[in-house]
Every structure is written in C-alpha cells, then in structure tokens.
file target.txt (compact mmCIF, C-alpha atoms)
# COMPACT_ATOMS: atom_id res chain seq x y z
CA MET E 1 23.76 9.78 0.47
CA VAL E 2 21.08 10.17 3.15
CA LEU E 3 18.24 7.68 2.69
CA LEU E 4 14.74 8.89 3.55
CA HIS E 5 11.92 6.45 4.23
CA VAL E 6 8.90 8.62 3.46
CA LYS E 7 5.63 7.82 5.22
CA ARG E 8 2.14 9.27 5.28
CA SER E 9 0.72 8.67 8.77
CA ASP E 10 1.93 5.13 9.58
CA GLU E 11 1.89 3.91 5.98
CA SER E 12 5.11 3.56 3.97
CA GLN E 13 5.18 5.45 0.66
CA PHE E 14 8.63 5.32 -0.92
CA LEU E 15 12.39 5.63 -0.40
CA PHE E 16 14.19 8.79 -1.48
CA GLU E 17 17.91 9.45 -1.68
CA THR E 18 19.43 12.86 -1.05
CA THR E 19 22.44 14.57 0.53
CA GLY E 20 22.88 16.21 3.90
CA SER E 21 23.66 19.54 2.26
CA THR E 22 20.21 19.67 0.62
CA SER E 23 18.00 22.47 1.89
CA ILE E 24 14.76 21.42 3.55
CA GLU E 25 12.95 23.72 1.09
CA ASP E 26 14.22 21.76 -1.93
CA LEU E 27 13.81 18.44 -0.14
CA THR E 28 10.19 19.16 0.78
CA LEU E 29 9.34 20.16 -2.79
CA ALA E 30 11.03 17.06 -4.25
CA VAL E 31 9.34 14.66 -1.83
CA THR E 32 5.94 16.34 -2.31
CA ARG E 33 6.18 16.15 -6.11
CA ILE E 34 6.97 12.45 -5.98
CA TYR E 35 4.18 11.85 -3.47
CA ASN E 36 1.61 13.69 -5.61
CA GLY E 37 3.00 12.14 -8.79
CA ARG E 38 2.45 8.65 -7.43
CA LEU E 39 -1.14 9.59 -6.63
CA LYS E 40 -1.59 10.81 -10.22
CA VAL E 41 -0.28 7.50 -11.58
CA GLN E 42 -2.72 5.63 -9.34
CA ARG E 43 -5.65 7.78 -10.52
CA VAL E 44 -4.75 7.30 -14.17
CA CYS E 45 -4.40 3.54 -13.70
CA ALA E 46 -7.83 3.37 -12.07
CA GLU E 47 -9.43 5.25 -14.97
CA LEU E 48 -7.54 3.18 -17.56
CA GLU E 49 -8.91 -0.01 -16.03
CA MET E 50 -12.42 1.34 -16.59
CA LEU E 51 -11.48 2.50 -20.10
CA ALA E 52 -10.30 -1.02 -20.94
CA GLU E 53 -13.59 -2.47 -19.71
CA HIS E 54 -16.20 0.05 -20.89
CA GLY E 55 -14.67 2.46 -23.39
CA ILE E 56 -14.49 6.25 -23.33
CA LEU E 57 -16.30 8.54 -20.92
CA LEU E 58 -19.74 9.81 -21.85
CA PRO E 59 -20.29 13.59 -22.09
CA PRO E 60 -21.10 15.08 -18.66
CA ASN E 61 -24.74 15.72 -19.65
CA MET E 62 -25.25 12.03 -20.50
CA GLN E 63 -23.60 10.37 -17.54
CA GLY E 64 -25.91 8.40 -15.26
CA LEU E 65 -28.87 8.54 -17.65
CA THR E 66 -30.68 5.48 -18.97
CA ASP E 67 -30.93 4.75 -22.70
CA GLU E 68 -34.58 5.83 -22.62
CA GLN E 69 -33.73 9.15 -21.00
CA ILE E 70 -30.97 9.81 -23.51
CA GLU E 71 -33.34 9.06 -26.37
CA GLU E 72 -36.10 11.17 -24.87
CA LEU E 73 -33.78 14.14 -24.37
CA LYS E 74 -32.29 13.58 -27.86
CA LEU E 75 -28.74 13.63 -26.55
CA LYS E 76 -25.87 12.43 -28.70
CA ASP E 77 -22.30 11.48 -27.91
CA GLU E 78 -20.37 13.39 -30.57
CA TRP E 79 -17.08 11.77 -29.59
CA ALA E 80 -18.29 8.18 -29.94
CA ASP E 81 -17.62 8.16 -33.70
CA LYS E 82 -14.29 9.94 -33.32
CA CYS E 83 -12.77 7.84 -30.53
CA ILE E 84 -12.96 4.30 -31.87
CA PRO E 85 -10.30 1.97 -30.41
CA SER E 86 -7.73 0.41 -32.73
CA GLY E 87 -8.93 -2.90 -34.15
CA GLY E 88 -12.56 -2.14 -33.43
CA SER E 89 -14.64 -2.23 -30.28
CA VAL E 90 -16.54 -4.77 -28.19
CA PHE E 91 -19.73 -3.59 -26.52
CA LYS E 92 -19.80 -4.04 -22.75
CA LYS E 93 -22.40 -1.86 -21.06
CA ASP E 94 -21.31 0.27 -18.12
CA GLU E 95 -23.93 -0.38 -15.46
CA ILE E 96 -23.28 2.92 -13.69
CA GLY E 97 -23.76 4.85 -16.94
CA ARG E 98 -20.41 6.63 -16.87
CA ARG E 99 -18.80 5.24 -20.05
CA ASN E 100 -20.26 4.52 -23.48
CA GLY E 101 -19.68 0.73 -23.36
CA TYR E 102 -17.63 0.45 -26.59
CA ALA E 103 -14.52 -1.14 -25.10
CA PRO E 104 -11.30 -2.04 -26.95
CA ASN E 105 -10.97 -5.58 -28.29
CA GLU E 106 -9.14 -8.20 -26.26
CA LYS E 107 -5.73 -7.51 -27.80
CA MET E 108 -5.88 -3.77 -27.12
CA LYS E 109 -7.31 -4.40 -23.67
CA GLN E 110 -4.24 -6.50 -22.82
CA VAL E 111 -1.99 -3.65 -24.01
CA LEU E 112 -3.67 -1.32 -21.54
CA LYS E 113 -3.69 -3.81 -18.67
CA ALA E 114 -0.04 -4.81 -19.14
CA THR E 115 1.01 -1.15 -19.11
CA ILE E 116 -1.10 -0.50 -16.02
CA GLU E 117 0.70 -3.30 -14.16
CA GLU E 118 4.11 -1.97 -15.21
CA ALA E 119 3.26 1.56 -14.10
CA LYS E 120 1.91 0.33 -10.76
CA ALA E 121 5.09 -1.66 -10.17
CA ILE E 122 7.26 1.42 -10.68
CA ILE E 123 5.52 3.44 -7.96
CA SER E 124 4.51 0.49 -5.76
CA LYS E 125 5.00 0.65 -2.00
CA LYS E 126 6.71 -2.73 -2.35
CA GLN E 127 9.72 -0.80 -3.64
CA VAL E 128 10.40 0.07 0.00
CA GLN E 129 10.76 -3.62 0.89
CA ALA E 130 12.97 -4.13 -2.14
CA ASN E 131 15.13 -1.18 -1.00
CA VAL E 132 14.57 0.64 -4.32
CA CYS E 133 14.57 4.44 -4.24
CA VAL E 134 11.97 6.35 -6.24
CA ASN E 135 12.60 9.66 -7.99
CA MET E 136 10.58 12.02 -10.15
CA ASP E 137 12.04 10.57 -13.36
CA MET E 138 10.55 7.19 -12.48
CA VAL E 139 7.14 8.76 -11.87
CA LYS E 140 7.33 10.57 -15.21
CA ASP E 141 8.39 7.34 -16.90
CA ALA E 142 5.29 5.59 -15.49
CA LEU E 143 3.06 8.38 -16.81
CA ASP E 144 4.79 8.28 -20.22
CA GLN E 145 4.17 4.54 -20.45
CA LEU E 146 0.48 5.04 -19.69
CA ARG E 147 0.25 7.89 -22.19
CA GLY E 148 1.89 5.72 -24.85
CA ALA E 149 -0.54 2.85 -24.25
CA VAL E 150 -3.50 5.21 -24.65
CA MET E 151 -2.06 6.51 -27.93
CA ILE E 152 -1.71 2.94 -29.22
CA VAL E 153 -5.31 2.04 -28.41
CA TYR E 154 -6.82 5.47 -29.18
CA PRO E 155 -4.49 7.11 -31.74
CA MET E 156 -7.07 9.87 -32.33
CA GLY E 157 -6.96 10.77 -28.65
CA LEU E 158 -9.62 10.87 -25.95
CA PRO E 159 -12.45 13.39 -25.44
CA PRO E 160 -11.30 16.64 -23.80
CA TYR E 161 -13.50 15.97 -20.76
CA ASP E 162 -12.08 12.48 -20.15
CA PRO E 163 -10.23 12.43 -16.78
CA ILE E 164 -7.34 10.45 -18.31
CA ARG E 165 -6.65 13.15 -20.88
CA MET E 166 -7.10 15.85 -18.24
CA GLU E 167 -4.59 14.10 -15.98
CA PHE E 168 -2.04 13.90 -18.79
CA GLU E 169 -2.54 17.61 -19.54
CA ASP E 170 -2.43 18.55 -15.81
CA LYS E 171 -5.95 19.95 -16.03
CA GLU E 172 -7.58 17.50 -13.63
CA ASP E 173 -10.30 18.85 -11.34
CA LEU E 174 -10.33 16.92 -8.08
CA SER E 175 -12.60 19.26 -6.14
CA GLY E 176 -15.22 17.42 -4.12
CA THR E 177 -13.51 14.04 -4.47
CA HIS E 178 -11.68 11.81 -2.02
CA ALA E 179 -8.56 12.13 -4.19
CA ALA E 180 -8.44 15.84 -3.36
CA LEU E 181 -7.98 14.99 0.32
CA GLU E 182 -4.94 12.85 -0.46
CA VAL E 183 -3.09 15.46 -2.53
CA ILE E 184 -0.76 17.79 -0.63
CA GLU E 185 -0.09 21.15 -2.25
CA GLU E 186 3.61 22.06 -2.31
CA PRO E 187 3.27 25.26 -0.18
CA GLU E 188 1.24 23.29 2.40
CA ALA E 189 3.64 20.35 2.71
CA GLN E 190 5.67 19.66 5.82
CA LEU E 191 8.27 17.01 6.65
CA TRP E 192 8.61 15.66 10.19
CA TRP E 193 11.34 13.54 11.73
CA ALA E 194 11.62 12.34 15.33
CA ALA E 195 8.60 14.46 16.32
CA LYS E 196 10.35 17.58 14.97
CA GLU E 197 9.26 19.64 12.01
CA LEU E 198 12.02 20.08 9.43
CA LYS E 199 12.04 23.85 8.94
CA ARG E 200 12.41 24.93 5.34
CA ILE E 201 15.04 27.54 6.19
CA ASN E 202 17.48 24.85 7.37
CA GLN E 203 19.52 22.13 5.71
CA LEU E 204 19.04 18.42 6.27
CA SER E 205 22.46 18.17 7.93
CA ASP E 206 21.24 20.54 10.67
CA TYR E 207 19.03 17.68 11.86
CA VAL E 208 20.83 14.45 10.96
CA GLY E 209 24.45 15.58 11.09
CA LYS E 210 27.20 15.24 8.50
CA ASN E 211 27.05 11.45 8.15
CA GLU E 212 25.99 10.72 4.57
CA LYS E 213 25.21 7.06 5.37
CA THR E 214 22.18 7.86 7.48
CA LYS E 215 18.71 6.43 7.07
CA ILE E 216 15.77 8.21 8.67
CA ILE E 217 11.99 7.95 8.59
CA VAL E 218 10.25 11.19 7.62
CA LYS E 219 6.53 11.82 7.52
CA ILE E 220 4.84 14.12 5.05
CA GLN E 221 1.65 15.94 5.93
CA LYS E 222 -0.24 19.16 5.48
CA LYS E 223 0.64 22.31 7.35
CA GLY E 224 -1.39 22.93 10.47
CA GLN E 225 -2.01 19.28 11.34
CA GLY E 226 0.54 19.28 14.16
CA ALA E 227 3.10 16.62 14.95
CA PRO E 228 2.34 13.17 13.54
CA ALA E 229 1.20 10.56 16.03
CA ARG E 230 3.89 8.24 17.33
CA GLU E 231 3.89 4.79 15.80
CA PRO E 232 3.25 1.80 18.07
CA VAL E 233 6.35 -0.04 19.30
CA ILE E 234 5.10 -3.25 17.73
CA SER E 235 2.97 -3.72 14.64
CA ASN E 236 -0.60 -5.04 14.69
CA GLU E 237 0.58 -8.33 13.22
CA GLU E 238 3.27 -8.75 15.89
CA GLN E 239 0.70 -7.94 18.59
CA LYS E 240 -1.65 -10.60 17.20
CA GLN E 241 1.13 -13.21 17.22
CA MET E 242 2.06 -12.36 20.82
CA MET E 243 -1.56 -12.57 21.97
CA LEU E 244 -1.94 -15.92 20.19
CA TYR E 245 1.20 -17.29 21.85
CA TYR E 246 0.14 -16.23 25.35
CA TYR E 247 -3.35 -17.61 24.81
CA LYS E 248 -1.95 -21.00 23.82
CA ARG E 249 0.41 -20.91 26.80
CA GLN E 250 -2.47 -20.09 29.15
CA GLU E 251 -4.50 -23.00 27.78
CA GLU E 252 -1.57 -25.37 28.31
CA LEU E 253 -1.20 -24.26 31.93
CA LYS E 254 -4.93 -24.75 32.51
CA LYS E 255 -4.67 -28.33 31.23
CA LEU E 256 -1.76 -29.01 33.58
CA ASP E 257 -3.71 -27.64 36.54
CA ASP E 258 -6.72 -29.82 35.67
CA ASP E 259 -4.63 -32.96 35.35
CA ASP E 260 -4.71 -34.62 38.84
CA ASP E 261 -3.43 -38.00 37.70
CA ASP E 262 -0.63 -39.01 40.16
CA SER E 263 -0.22 -42.59 38.92
CA CYS E 264 3.24 -41.64 37.75
CA LEU E 265 4.35 -41.69 41.41
CA ASP E 266 4.22 -45.50 41.33
CA SER E 267 6.83 -45.59 38.58
CA GLU E 268 10.34 -46.82 39.33
CA TRP E 269 11.92 -43.51 38.40
CA ALA E 270 9.72 -41.76 41.02
CA ASP E 271 10.97 -43.96 43.92
CA SER E 272 12.98 -41.71 46.27
CA ARG E 273 14.70 -44.75 47.90
CA ALA E 274 15.84 -46.40 44.67
CA LEU E 275 19.42 -45.10 44.99
CA LYS E 276 19.76 -46.31 48.60
CA ARG E 277 18.55 -49.83 47.74
CA HIS E 278 20.88 -49.92 44.79
CA PHE E 279 23.96 -49.38 46.96
CA HIS E 280 22.73 -51.89 49.58
CA GLY E 281 22.31 -54.48 46.90
CA VAL E 282 18.68 -55.05 47.67
CA LYS E 283 17.33 -53.95 44.36
CA ASP E 284 14.60 -56.02 42.70
CA ILE E 285 14.17 -58.41 45.69
CA LYS E 286 11.06 -60.51 45.49
CA TRP E 287 9.59 -61.67 48.81
CA ARG E 288 7.15 -64.17 47.42
CA PRO E 289 8.15 -67.84 47.92
CA ARG E 290 9.38 -69.68 44.85
call {"tool": "encode", "arguments": {"input": "target.txt", "output": "structure tokens"}}
result
Amino acid sequence: MVLLHVKRSDESQFLFETTGSTSIEDLTLAVTRIYNGRLKVQRVCAELEMLAEHGILLPPNMQGLTDEQIEELKLKDEWADKCIPSGGSVFKKDEIGRRNGYAPNEKMKQVLKATIEEAKAIISKKQVQANVCVNMDMVKDALDQLRGAVMIVYPMGLPPYDPIRMEFEDKEDLSGTHAALEVIEEPEAQLWWAAKELKRINQLSDYVGKNEKTKIIVKIQKKGQGAPAREPVISNEEQKQMMLYYYKRQEELKKLDDDDDDSCLDSEWADSRALKRHFHGVKDIKWRPR
C-alpha cells in the first residue's frame, strides 16, 4: 500500500492509504471528501459546544436583538417550547444573542462534550504523529457519534434553521463565511507531489513507480493556485533552537575574550621547564638557608 501524507499548505492534515494502481481521479476525490468531511466534523463540534452552553439557535429574525427589542417587536421563538433538552434546561444567557440561553443540564452537557472530544480525536491531526490512517468511514463514524449525542439530548430534534441540523442533512450554507474558504469543491481539487501536479488522467504508479511500500507527501489545494510553495528545510522550532545555541556560543566566546587574567601562568603545570628540571633532578629545590 502507498501511504500518502496529506497536507494543506505546510500544515499536516491526515494519512491516507491507497494502491499504486489507483487512478488520480479516484484518489483526488477520496482525499477531497475526507478533507472536507474533517472540516464538517470540526464545524459541527464548534456548534455543539455552543449548544451545550447556551441551548438552541434563535430564529434568524431574533438573533442579535436585545430582550427589549424582541418584546417591542413582539417576536416569539416557536421552537423554544418544542426543543427542550432531556432532563430539563438550565438558563445561561448567550451574550451575543445567537442562542436562546436554555442549555442542557450538567449531565446532558457532559454527554455532548464527551462525544465532541471523541469525534475530534478521530479526525485529529495528531493521528499523523501516531501513524494512524484516516478514511471516509472514520469521518462518517465521527458524524454519526455527534448525531447520536444530539438525539439523546434533543430527542425531538433541532430547529430546521439550526446549523447543526443543516450540517447533518448536508444543507449547510457557508457562503460569506471563513469556513467557505477552507472547503475545496471536488471538481476544483488538485493534488501535488514534488512540485508536480498529479494529473487526473494518470495513475498513481505513473508518478511513484510500482513499489507499494512508498510514502509520499501530497498537498491538496484549489485549481488555479499554481504549485504549492516549497517547505523550509528546517522547521521554525528547529531554527529557533539553532539561533539560541549560536547566541549562547557567541556569549561564551565574548566572555573568554574579555577574560585577561593570566595568573594561571604562574601555576606549576604551566612551567615549560618543569620536564627538564625533573630529569636533572633539580625539582623542588629551595635556595633559602635552613
């Protein structure tokens, strides 16, 4: 199996295992789906953390308004009475006015937070260091765990406009958000290796050969962005350590240059005639009268 270390710019994303006979077309689609799937898991986890703290999302026409404005406009959250968390709620006001403030109780909150941590671990970039490959089944498993936790806490479901529900139903609208810049559409995705674009009409073996025990670093990016920038030979951390070492060495040399103490020349070990006197037997002769 050929092992791919997938990166976005200089940042590691995940490891992916494939074969040399795989077409670049299929490989690009598989890698892109995992890449986008991991982003979806991260977005859902971020929203679930807010759900655990401040309850369900307010209707779009009520978000950002103060209590006085809502009362003055006679607006009502019709989903507040429908979406009550299991075991009751605890009021914790959302200062940015995005959620209704009726959060799950502590027990249900821990269910959500524990599931969030498990899902994050599945798609974590630390999997690269642990030499664990990620596939689409693992991404789906993370999403299924998150979906199950939401069903436990909110068995009646979430409002149709809630981004968590929209993510689960693949109806999310990311237009105008930073998340939209991170997502790479499958037709726009490109894989690069060794400053060469992997053309979709070829097979992976056309680039890496027939050896199935190969490990390469590929970079995923959008079409039209050109070749990815070369990575530095040494990392920023290694560069910092080298600069620190040479700075300390320079300071040590400065101290040696500033040290003009030559009293050590009067020491016995510094006497250049000590060996000659030793063989003549005149070592340690005292000339003072006794």
call {"tool": "atom_distance", "arguments": {"input": "target.txt", "atom1": "CA of Leu112 in chain E", "atom2": "CA of Glu49 in chain E"}}
result
7.7 Å
call {"tool": "closest_residue", "arguments": {"input": "target.txt", "among": "E:Ser23, E:Gln69, E:Gln129, E:Asn61", "to": "Lys199 in chain E", "atoms": "all atoms listed in the file"}}
result
E:Ser23
call {"tool": "residues_around", "arguments": {"input": "target.txt", "residues": "Tyr207 in chain E", "least_positions_apart": "4", "cutoff": "9 Å", "atoms": "all atoms listed in the file", "output": "list in words"}}
result
Gly20, Trp193, Leu198, Asn202 and Gln203 of chain E
call {"tool": "residues_around", "arguments": {"input": "target.txt", "residues": "Leu204 in chain E", "least_positions_apart": "5", "cutoff": "10 Å", "atoms": "only C-alpha atoms", "output": "MDAnalysis selection string"}}
result
chainID E and resid 2 18:25 27 198:199 209:210
call {"tool": "residues_around", "arguments": {"input": "target.txt", "residues": "range 130-144 of chain E", "least_positions_apart": "6", "cutoff": "12 Å", "atoms": "only C-alpha atoms", "output": "MDAnalysis selection string"}}
result
chainID E and resid 1:6 13:18 27 29:45 48 115:124 150:151 164:165 167:170 215
call {"tool": "closest_residue", "arguments": {"input": "target.txt", "among": "E:Leu75, E:Ala46, E:Leu275, E:Leu191", "to": "Leu146 in chain E", "atoms": "all atoms listed in the file"}}
result
E:Ala46
call {"tool": "atom_distance", "arguments": {"input": "target.txt", "atom1": "CA of Pro155 in chain E", "atom2": "CA of Cys83 in chain E"}}
result
8.4 Å
call {"tool": "closest_residue", "arguments": {"input": "target.txt", "among": "E:Gln190, E:Ser89, E:Gln239, E:Gln250", "to": "Gln221 in chain E", "atoms": "only C-alpha atoms"}}
result
E:Gln190
call {"tool": "atom_distance", "arguments": {"input": "target.txt", "atom1": "CA of Gly101 in chain E", "atom2": "CA of Gln145 in chain E"}}
result
24.3 Å
call {"tool": "residues_near_point", "arguments": {"input": "target.txt", "point": "(-16.3, -3.2, -24.4)", "cutoff": "12 Å", "atoms": "only C-alpha atoms", "output": "PyMOL selection string"}}
result
chain E and resi 49-56+84-85+88-94+99-109
call {"tool": "write_last_selection", "arguments": {"input": "target.txt", "atoms": "C-alpha atoms", "output": "mmCIF file, in the frame of the given file"}}
result
data_model
loop_
_atom_site.group_PDB
_atom_site.id
_atom_site.type_symbol
_atom_site.label_atom_id
_atom_site.label_comp_id
_atom_site.auth_asym_id
_atom_site.auth_seq_id
_atom_site.Cartn_x
_atom_site.Cartn_y
_atom_site.Cartn_z
ATOM 1 C CA GLU E 49 -8.910 -0.010 -16.030
ATOM 2 C CA MET E 50 -12.420 1.340 -16.590
ATOM 3 C CA LEU E 51 -11.480 2.500 -20.100
ATOM 4 C CA ALA E 52 -10.300 -1.020 -20.940
ATOM 5 C CA GLU E 53 -13.590 -2.470 -19.710
ATOM 6 C CA HIS E 54 -16.200 0.050 -20.890
ATOM 7 C CA GLY E 55 -14.670 2.460 -23.390
ATOM 8 C CA ILE E 56 -14.490 6.250 -23.330
ATOM 9 C CA ILE E 84 -12.960 4.300 -31.870
ATOM 10 C CA PRO E 85 -10.300 1.970 -30.410
ATOM 11 C CA GLY E 88 -12.560 -2.140 -33.430
ATOM 12 C CA SER E 89 -14.640 -2.230 -30.280
ATOM 13 C CA VAL E 90 -16.540 -4.770 -28.190
ATOM 14 C CA PHE E 91 -19.730 -3.590 -26.520
ATOM 15 C CA LYS E 92 -19.800 -4.040 -22.750
ATOM 16 C CA LYS E 93 -22.400 -1.860 -21.060
ATOM 17 C CA ASP E 94 -21.310 0.270 -18.120
ATOM 18 C CA ARG E 99 -18.800 5.240 -20.050
ATOM 19 C CA ASN E 100 -20.260 4.520 -23.480
ATOM 20 C CA GLY E 101 -19.680 0.730 -23.360
ATOM 21 C CA TYR E 102 -17.630 0.450 -26.590
ATOM 22 C CA ALA E 103 -14.520 -1.140 -25.100
ATOM 23 C CA PRO E 104 -11.300 -2.040 -26.950
ATOM 24 C CA ASN E 105 -10.970 -5.580 -28.290
ATOM 25 C CA GLU E 106 -9.140 -8.200 -26.260
ATOM 26 C CA LYS E 107 -5.730 -7.510 -27.800
ATOM 27 C CA MET E 108 -5.880 -3.770 -27.120
ATOM 28 C CA LYS E 109 -7.310 -4.400 -23.670
#
call {"tool": "closest_residue", "arguments": {"input": "target.txt", "among": "E:Asp77, E:Asp257, E:Asp10, E:Asp271", "to": "Ala229 in chain E", "atoms": "all atoms listed in the file"}}
result
E:Asp10
call {"tool": "residues_near_point", "arguments": {"input": "target.txt", "point": "(-2.8, 22.1, 9.8)", "cutoff": "12 Å", "atoms": "only C-alpha atoms", "output": "mmCIF file with C-alpha atoms, in the coordinates of the input"}}
result
data_model
loop_
_atom_site.group_PDB
_atom_site.id
_atom_site.type_symbol
_atom_site.label_atom_id
_atom_site.label_comp_id
_atom_site.auth_asym_id
_atom_site.auth_seq_id
_atom_site.Cartn_x
_atom_site.Cartn_y
_atom_site.Cartn_z
ATOM 1 C CA ILE E 184 -0.760 17.790 -0.630
ATOM 2 C CA GLU E 188 1.240 23.290 2.400
ATOM 3 C CA ALA E 189 3.640 20.350 2.710
ATOM 4 C CA GLN E 190 5.670 19.660 5.820
ATOM 5 C CA GLN E 221 1.650 15.940 5.930
ATOM 6 C CA LYS E 222 -0.240 19.160 5.480
ATOM 7 C CA LYS E 223 0.640 22.310 7.350
ATOM 8 C CA GLY E 224 -1.390 22.930 10.470
ATOM 9 C CA GLN E 225 -2.010 19.280 11.340
ATOM 10 C CA GLY E 226 0.540 19.280 14.160
ATOM 11 C CA ALA E 227 3.100 16.620 14.950
ATOM 12 C CA PRO E 228 2.340 13.170 13.540
#
call {"tool": "residues_around", "arguments": {"input": "target.txt", "residues": "Arg98 in chain E", "least_positions_apart": "2", "cutoff": "7 Å", "atoms": "all atoms listed in the file", "output": "VMD selection string"}}
result
chain E and resid 57 to 58 63 to 64 94 96 100
